[in-house]
2 protein chains.
Amino acid sequence: MALMLAHQDIVTLLLSLAVLLAAARIAGEVARKLGQSAVIGELLAGVVLGQTVLGRFAPALHGALFPTDGPVALALAGLTAVALVLFLMVAGMEVDLSTVWKQGRAALVISVIGMIVPFTMGLGGAFQFPGAFGGQDGIDPLVFALFVGTAMSITALPVIAKVLLDLQLFRTEIGMTIIAAAVINDILGWLAFAAVLAMMDTETGPTLTLPWTLALTLAFAAFTLTLGRSLLNRALPWIQAHTSWPGGIISFSVVITLLAGSFTEWIGVHAILGAFLVGVALGDSPHLRERTRGTIDHFVSFIFAPLFFASIGLRIDFVANFEPLLVALVFVVAVVGKVLPCAGAARLSGFAPRDSWAIGFGMNARGAMEIVLGLLALQAGIIGEPLFVALVIMAIGTSIMSGAAIQAVLGAPPRVSFVDYASGRTFVSREAQGTPRQVIHELSTKLAEAHGMDVARIFDPVWEREQILSSGVGQGVAIPHARLAGLAQPLVAVAALQHPIDFDARDGVPARIVVLLLTPASDTKVHLSLLASVVRLLAQENRLERAASAANWTQFLAVIRADPD
Amino acid sequence: MALMLAHQDIVTLLLSLAVLLAAARIAGEVARKLGQSAVIGELLAGVVLGQTVLGRFAPALHGALFPTDGPVALALAGLTAVALVLFLMVAGMEVDLSTVWKQGRAALVISVIGMIVPFTMGLGGAFQFPGAFGGQDGIDPLVFALFVGTAMSITALPVIAKVLLDLQLFRTEIGMTIIAAAVINDILGWLAFAAVLAMMDTETGPTLTLPWTLALTLAFAAFTLTLGRSLLNRALPWIQAHTSWPGGIISFSVVITLLAGSFTEWIGVHAILGAFLVGVALGDSPHLRERTRGTIDHFVSFIFAPLFFASIGLRIDFVANFEPLLVALVFVVAVVGKVLPCAGAARLSGFAPRDSWAIGFGMNARGAMEIVLGLLALQAGIIGEPLFVALVIMAIGTSIMSGAAIQAVLGAPPRVSFVDYASGRTFVSREAQGTPRQVIHELSTKLAEAHGMDVARIFDPVWEREQILSSGVGQGVAIPHARLAGLAQPLVAVAALQHPIDFDARDGVPARIVVLLLTPASDTKVHLSLLASVVRLLAQENRLERAASAANWTQFLAVIRADPD
C-alpha cells in the first residue's frame, strides 16, 4: 500500500506546519505594516521558533514541534524543497524581459558595472583573506572566493520592485532602469552561482563533469529564454482552450517548473535555476492571464514562501553564529561595492546626481535572493554558519536601506490612502435620512471627539466651502473638505449612508458614501493624493454598494482592501 | 542547519512529482471530457504509474521514480498527507448548511433512511460473513463490520454536486433535496467513520481511550459547526481589513485547517475530520469572498488533489488484488442498499416516481469520499487490499452510474455550448470589410466543406431567414441560423470580424462576431440551448472584444473558456 505517515507523525507534521505558517504570516504582515518586505518578518518568525530563541529557552518544546530527524523532518524538508522551487518560479514570473529591451544601454551598463565591481571586491577579498570572510578549512579557496563575489554582486528583483511601487516610482524612467538592470543582474547572478555550485565536487554533488554542467546550463538557459519561451507562449492558449480553466494552466506551469527544476538539479546547478528560468519564460507570455497568475502567486506567496523562509530561521542559531566583525565586513563590502559603481554608472549614462544615487541604493537591495543563495551555499558546504548569518543580516539590512535611502534622496512621497487616517472612532453608519449639513455636522462632531478638537473649528470651514461649491464628486460619493492651518496631519471621517443624500453631484447620483477630509493648509500634495484615493477606491459601482452597507469600520475596510470581484 | 534533501533526492522528488501531477491532470481532463469526475482519471493515472502497470512491466523505472522507502518516499508521504487535509477542507467548503435548513424534512428523511438501510446491510453482512467481504484475520469482527456498514452508507457530495450542475438540475427542487440529504449524510458518515477509527487500538493508534475520543469528537464537531463557525465568520472581515489581501484569508484558512486536523488526529479520529469540519464552517461564511475561495479551490483541486488521488493508485496492485466475487458483492450491496431506500423515502416525502428514482441514484454516488475512507481503513489495518480495491471500483462505478441513471430517468438534456459543434475548420477570422450576405456565404462555404455538403443547402435557408428578420442580437453579436430537416446533429461556424458589419441589431451595434447555426428541424430544445449559449458566452463587453480579435480557433476558444478577468 501507499507509504503513509504514522498517526503521531501526522499530528506533529500538521501542528508544526500550522505553527510555522501562522508565525511566519503574522510576522510577515507586521513587517509589511512597517513598510518592509514580508520576507524579513517570515525569517524572524523562524528565528524565534528555532534554535536561536525557542530552542534555547524551551528545548523540549522546540524538539517536539520541529524534530531534527525522522519522518516529520524529512517530510518538512521535502515540502520546503518544493516550496523553494515554486517560490523561484513566481519570482521568475515577475521578471519582465521587455523592460530590458526598452531601457537598453543604460540598464546594461549599470547592471554590468554593478556586478563586476562588487564581484571583484568579494572575490579578491575572500581569496586574499578567507579567514576574515568566514572561510572554512577544507573548501577550495577559489570556489569560496567565487561564491563570495557572486553573493556580493546580486540584486533582489522582488524587493526592489516592491520598494519602487510603494514610492510610486515604478513606472518612471529611474524605476524602469532599476528594474531592467536588476533583471539582467538576476539572470547573470544565478548563472554565476550555478557555475560555483557546479565546481563543488562533493559526495552528493553533481553527476556530470564541470564542463558538461556548464555547457548544459548555458544551453538550457538559452533554450528556455528563446525557443522554450515561444513554445510555452504557443502552448498556453491551446491549454486554456482545451482544459478546465484555470486548472490547466496552473497544473501545466507547476509540472514544467518541477521538470525544469529536476533537470537543472540533475546537471548539478540546483533546481531553483530551472524553476526561475521557466518562471521568466512563463511570466513573459501575454497568454498567461492576470487571474491565473494571481492564483499561483497568491498561493505560493502566502503559503509556500512563508513556510520556506521561516524554515530557514528554524535550525540556525543566529546568536551563536553572530560574528560582529564578519557581519560588518560583509555589510560594508556589499554596500560600498554596489552603491558606488551603480550610482557612477548611472551618472555616466546621463542621470542627474540625485537620480543616480537613487539607482545605486535601489540596486543595493539583496532581499530574499541573497538568503536563498546563502542557504544553498551553506548546504553545499561552501560556507559556514557564521558567514550565512552575516549574509542574511546584510540582505535584510540592504533591503531596509534601499527604500529609506531612495526616499531620502528623492523626497518621494509615500502613496497615501484616506483610510490610513480614519478609524472606527471616525466612522458612521447612518440609517436616518438627512441633509448634507446634518451629515457634515455629524462627521465633524466625530472628528472633534476623536482628536479632542472644537467642533466649530472643523465644521465651519467645511460647511462654508460646501455652500460655495458642492462636494458631490459623482458615482455616489461626496468629499466635503477643508484645509486647516496648524494641523499636524490629515484627519478623515467616513459616513456610510443607508439612505442616499443628494450632494448635487454633476451626474445627479445622490451620495451613499461621504468622506470628510481635513488636511494641513501647508501641504497641497497630501490633499490631492487623499482626494484621488477616495475616488480611486470608491468610484466603482460594485464596491460602492458594498461599502455603503458596511455596518462598522472593519466591514468598510474589508471592502476597500479587497479587490473588486 | 535546516535539514534539507540531498542532491539526488531532490532530482527524484521533483521528477516524480512532475510525472505524477502531469499524468493525473491529463487523465483527469480526459475523464472530464468524457463527462466523468476528474478523480476517476487521477486515480487511474496512479494505477498506470504504479504497481499495477508500470511496476509490473518496468519495475526498475517504477522503483527509481517512486521509491518505497527513504527520504523521497517520506517527503511524498508528507506531501500527500497535507494534500489530503487540504482536499477535505475544500470539500467541506462546498457544503452549504443553509440548503439543509431550506429542504428540511424531506432531506432529513431521505438521508437518515438512506444511511440506516445500507449501514445495517453492510454491518449485518460483514458480521455474519466476514470472509465474503474480504475480512482479515486478527481484526475485531465488530470494528470490521462497523466499517463496512459505514462504507456502504456514505454519499459523495462533490461528485453529486457536479453531476447535478452538468444536468442543469442543481437549482431545482430535486437537486437541492439531493444536496441537502448528501450534506447530512457526509457529516454523519464522517462522524461514524471517526467512531470506527477510534475503536481501533493499534500501536500507532489513538492516544486516548475510546469514550474520551468519542466525547471529544462530538464536542469538537458541535463546537466547530456552531460557536466556531460564528467566530470564524467574525474573524474573516477583520483579517480582510487588516492584512494583505487575499493572503490573509488564505493563510488563516490553511492554518486553522492544519490545527484542526492535528487536533482530531491527536484525539484519534484522523486529521481529515477536523479539516472537513473547518472547511464547512469557513465555506458557510458570507465573508469568504468568491475570489479567495476560488484561489484556494483552484490550487487544491488542480495541484494537491490530483497528487493525492494518483498517489493512491501508485502502490496498490489493482490486478493482483482484484477479486471478482468480492467486487460484485460490494457493488450490489452498495447499490441496492442505497438506491432503493433513498428512492422509497423520496416517494414517501411526496416526490413523483421518476423524481424519486433520480434522487435514489443521485444519493448512490460514492466518489472520492469512499476512496479516502477506504484508504484510511486500509492504513489503519481495518481492511485488506482486496476489499480496498472493491471499494474503489464501487466508488467509481456508482459515480459513473449516477449521472447516466438520472439522465435516463429524467431525460434531462446535457448543457450544450455552440463551441462544442464548431472547430478550426469552421472558423473564419475575416479581415476584409463586407456585408452580412458575404459573411453568411463564407461561413456556409466553410461548413459545406467541413461536412461534405452542398453550399446552397446551407446558405439558402439561412439567407432567406435573414432577409425576413435580421439576426443581429445586439452587443456586437449576430446569429444567422436555420433549422434543416435530415440533419443528424447541429453544425456551427464562427466568424471573428476585424471590421464590424451591421446586422441591424436593435441596439445599433454592428457585429464583431457572427455565429452561423444549423440545427436539426426535429430538435427544438437544442436549437434554443445553442442560441442561449452564444448570448451567454459572448454578450460580455470585455470578452467580445478579445474574441473578435482571435486569429484562430484556439485563441477564440481560449477566450470563451476563461472567466472574464
# chains A, B, ... in the order shown; residues from 1 in each chain; ligands from 1
call {"tool": "select_by_dssp", "arguments": {"residues": "segment 199-432 of chain A", "states": "strand (DSSP E)", "output": "PyMOL selection string"}}
result
chain A and resi 427-430
call {"tool": "residues_around", "arguments": {"residues": "Lys102 of chain B", "least_positions_apart": "6", "cutoff": "10 Å", "atoms": "only C-alpha atoms", "output": "CSV table (one decimal) with N, CA and C atoms, in the first residue's frame"}}
result
chain,number,residue,atom,x,y,z
B,176,MET,N,-31.7,20.4,-5.0
B,176,MET,CA,-31.4,20.9,-3.6
B,176,MET,C,-31.7,19.8,-2.6
B,177,THR,N,-32.7,19.0,-2.8
B,177,THR,CA,-33.0,17.9,-1.9
B,177,THR,C,-31.9,16.9,-1.8
B,180,ALA,N,-28.9,18.6,0.0
B,180,ALA,CA,-29.2,18.7,1.4
B,180,ALA,C,-29.0,17.3,2.1
call {"tool": "residues_around", "arguments": {"residues": "segment 135-152 of chain B", "least_positions_apart": "5", "cutoff": "8 Å", "atoms": "only C-alpha atoms", "output": "PyMOL selection string"}}
result
chain B and resi 118-127+130+189+192-193+196+199-200+333-334+337-338+370+373-374+377+381-384+387
call {"tool": "residues_around", "arguments": {"residues": "Ser529 of chain B", "least_positions_apart": "3", "cutoff": "8 Å", "atoms": "only C-alpha atoms", "output": "number ranges by chain"}}
result
B: 415-417, 525-526, 532-533
call {"tool": "residues_around", "arguments": {"residues": "Thr292 of chain B", "least_positions_apart": "4", "cutoff": "9 Å", "atoms": "only C-alpha atoms", "output": "count of residues only"}}
result
9
call {"tool": "atom_distance", "arguments": {"atom1": "atom CA of Thr524 of chain B", "atom2": "atom CA of Ile359 of chain B"}}
result
27.5 Å
call {"tool": "closest_residue", "arguments": {"among": "A:Arg234, A:Arg315, A:Arg561, A:His270", "to": "Leu282 of chain A", "atoms": "only C-alpha atoms"}}
result
A:Arg234
call {"tool": "residues_around", "arguments": {"residues": "Ala31 of chain A", "least_positions_apart": "4", "cutoff": "12 Å", "atoms": "only C-alpha atoms", "output": "list in words"}}
result
Ala24, Arg25, Ile26, Ala27, Gly35, Gln36, Ser37, Ala38, Val39, Ile40, Gly41, Glu42, Leu43, Leu44, Ala45, Ile396 and Ile400 of chain A; Thr243 and Ser244 of chain B
call {"tool": "atom_distance", "arguments": {"atom1": "atom CA of Gly283 of chain A", "atom2": "atom CA of Val254 of chain B"}}
result
26.5 Å
call {"tool": "atom_distance", "arguments": {"atom1": "atom CA of Arg354 of chain B", "atom2": "atom CA of Ser111 of chain B"}}
result
18.3 Å
call {"tool": "residues_around", "arguments": {"residues": "Phe170 of chain B", "least_positions_apart": "6", "cutoff": "12 Å", "atoms": "only C-alpha atoms", "output": "compact mmCIF listing (two decimals) with N, CA and C atoms, in the first residue's frame"}}
result
# COMPACT_ATOMS: atom_id res chain seq x y z
N THR B 99 -28.75 25.07 2.80
CA THR B 99 -29.67 24.25 2.00
C THR B 99 -30.33 23.19 2.87
N ILE B 160 -21.76 14.33 -6.64
CA ILE B 160 -23.17 14.51 -6.97
C ILE B 160 -23.47 15.98 -7.30
N ALA B 161 -22.75 16.90 -6.64
CA ALA B 161 -22.94 18.32 -6.97
C ALA B 161 -22.56 18.56 -8.42
N LYS B 162 -21.44 17.95 -8.86
CA LYS B 162 -21.00 18.16 -10.23
C LYS B 162 -21.99 17.54 -11.22
N VAL B 163 -22.49 16.34 -10.91
CA VAL B 163 -23.47 15.71 -11.79
C VAL B 163 -24.71 16.59 -11.95
N LEU B 164 -25.19 17.12 -10.83
CA LEU B 164 -26.39 17.96 -10.88
C LEU B 164 -26.14 19.24 -11.68
N MET B 176 -31.72 20.35 -4.98
CA MET B 176 -31.43 20.86 -3.64
C MET B 176 -31.73 19.82 -2.58
N THR B 177 -32.73 18.96 -2.82
CA THR B 177 -33.02 17.90 -1.86
C THR B 177 -31.86 16.91 -1.81
N ILE B 178 -31.37 16.53 -2.99
CA ILE B 178 -30.23 15.59 -3.02
C ILE B 178 -29.04 16.21 -2.29
N ILE B 179 -28.76 17.48 -2.59
CA ILE B 179 -27.60 18.13 -1.97
C ILE B 179 -27.76 18.19 -0.45
N ALA B 180 -28.95 18.60 0.00
CA ALA B 180 -29.17 18.71 1.44
C ALA B 180 -29.03 17.35 2.11
N GLY B 362 -28.96 9.60 -7.40
CA GLY B 362 -28.08 10.71 -7.01
C GLY B 362 -27.36 10.41 -5.71
N ALA B 412 -33.07 14.49 -18.83
CA ALA B 412 -32.56 15.87 -18.80
C ALA B 412 -31.51 16.05 -19.88
call {"tool": "closest_residue", "arguments": {"among": "B:Ile174, B:Val428, B:Leu443, B:Leu17", "to": "chain A", "atoms": "only C-alpha atoms"}}
result
B:Leu17
call {"tool": "decode", "arguments": {"residues": "segment 68-83 of chain A", "atoms": "C-alpha atoms", "output": "PDB file, in the first residue's frame"}}
result
ATOM      1  CA  THR A  68      15.684  17.221  13.567  1.00  0.00           C
ATOM      2  CA  ASP A  69      15.372  13.784  12.022  1.00  0.00           C
ATOM      3  CA  GLY A  70      12.807  11.097  11.314  1.00  0.00           C
ATOM      4  CA  PRO A  71       9.759  11.142   9.065  1.00  0.00           C
ATOM      5  CA  VAL A  72       8.456  14.570  10.093  1.00  0.00           C
ATOM      6  CA  ALA A  73      11.809  16.234   9.482  1.00  0.00           C
ATOM      7  CA  LEU A  74      12.062  14.593   6.065  1.00  0.00           C
ATOM      8  CA  ALA A  75       8.502  15.482   5.157  1.00  0.00           C
ATOM      9  CA  LEU A  76       9.175  19.094   6.149  1.00  0.00           C
ATOM     10  CA  ALA A  77      12.398  19.062   4.140  1.00  0.00           C
ATOM     11  CA  GLY A  78      10.504  17.777   1.098  1.00  0.00           C
ATOM     12  CA  LEU A  79       7.818  20.409   1.498  1.00  0.00           C
ATOM     13  CA  THR A  80      10.310  23.246   1.825  1.00  0.00           C
ATOM     14  CA  ALA A  81      12.268  21.979  -1.190  1.00  0.00           C
ATOM     15  CA  VAL A  82       9.086  22.105  -3.276  1.00  0.00           C
ATOM     16  CA  ALA A  83       8.180  25.459  -1.714  1.00  0.00           C
TER      17      ALA A  83
END
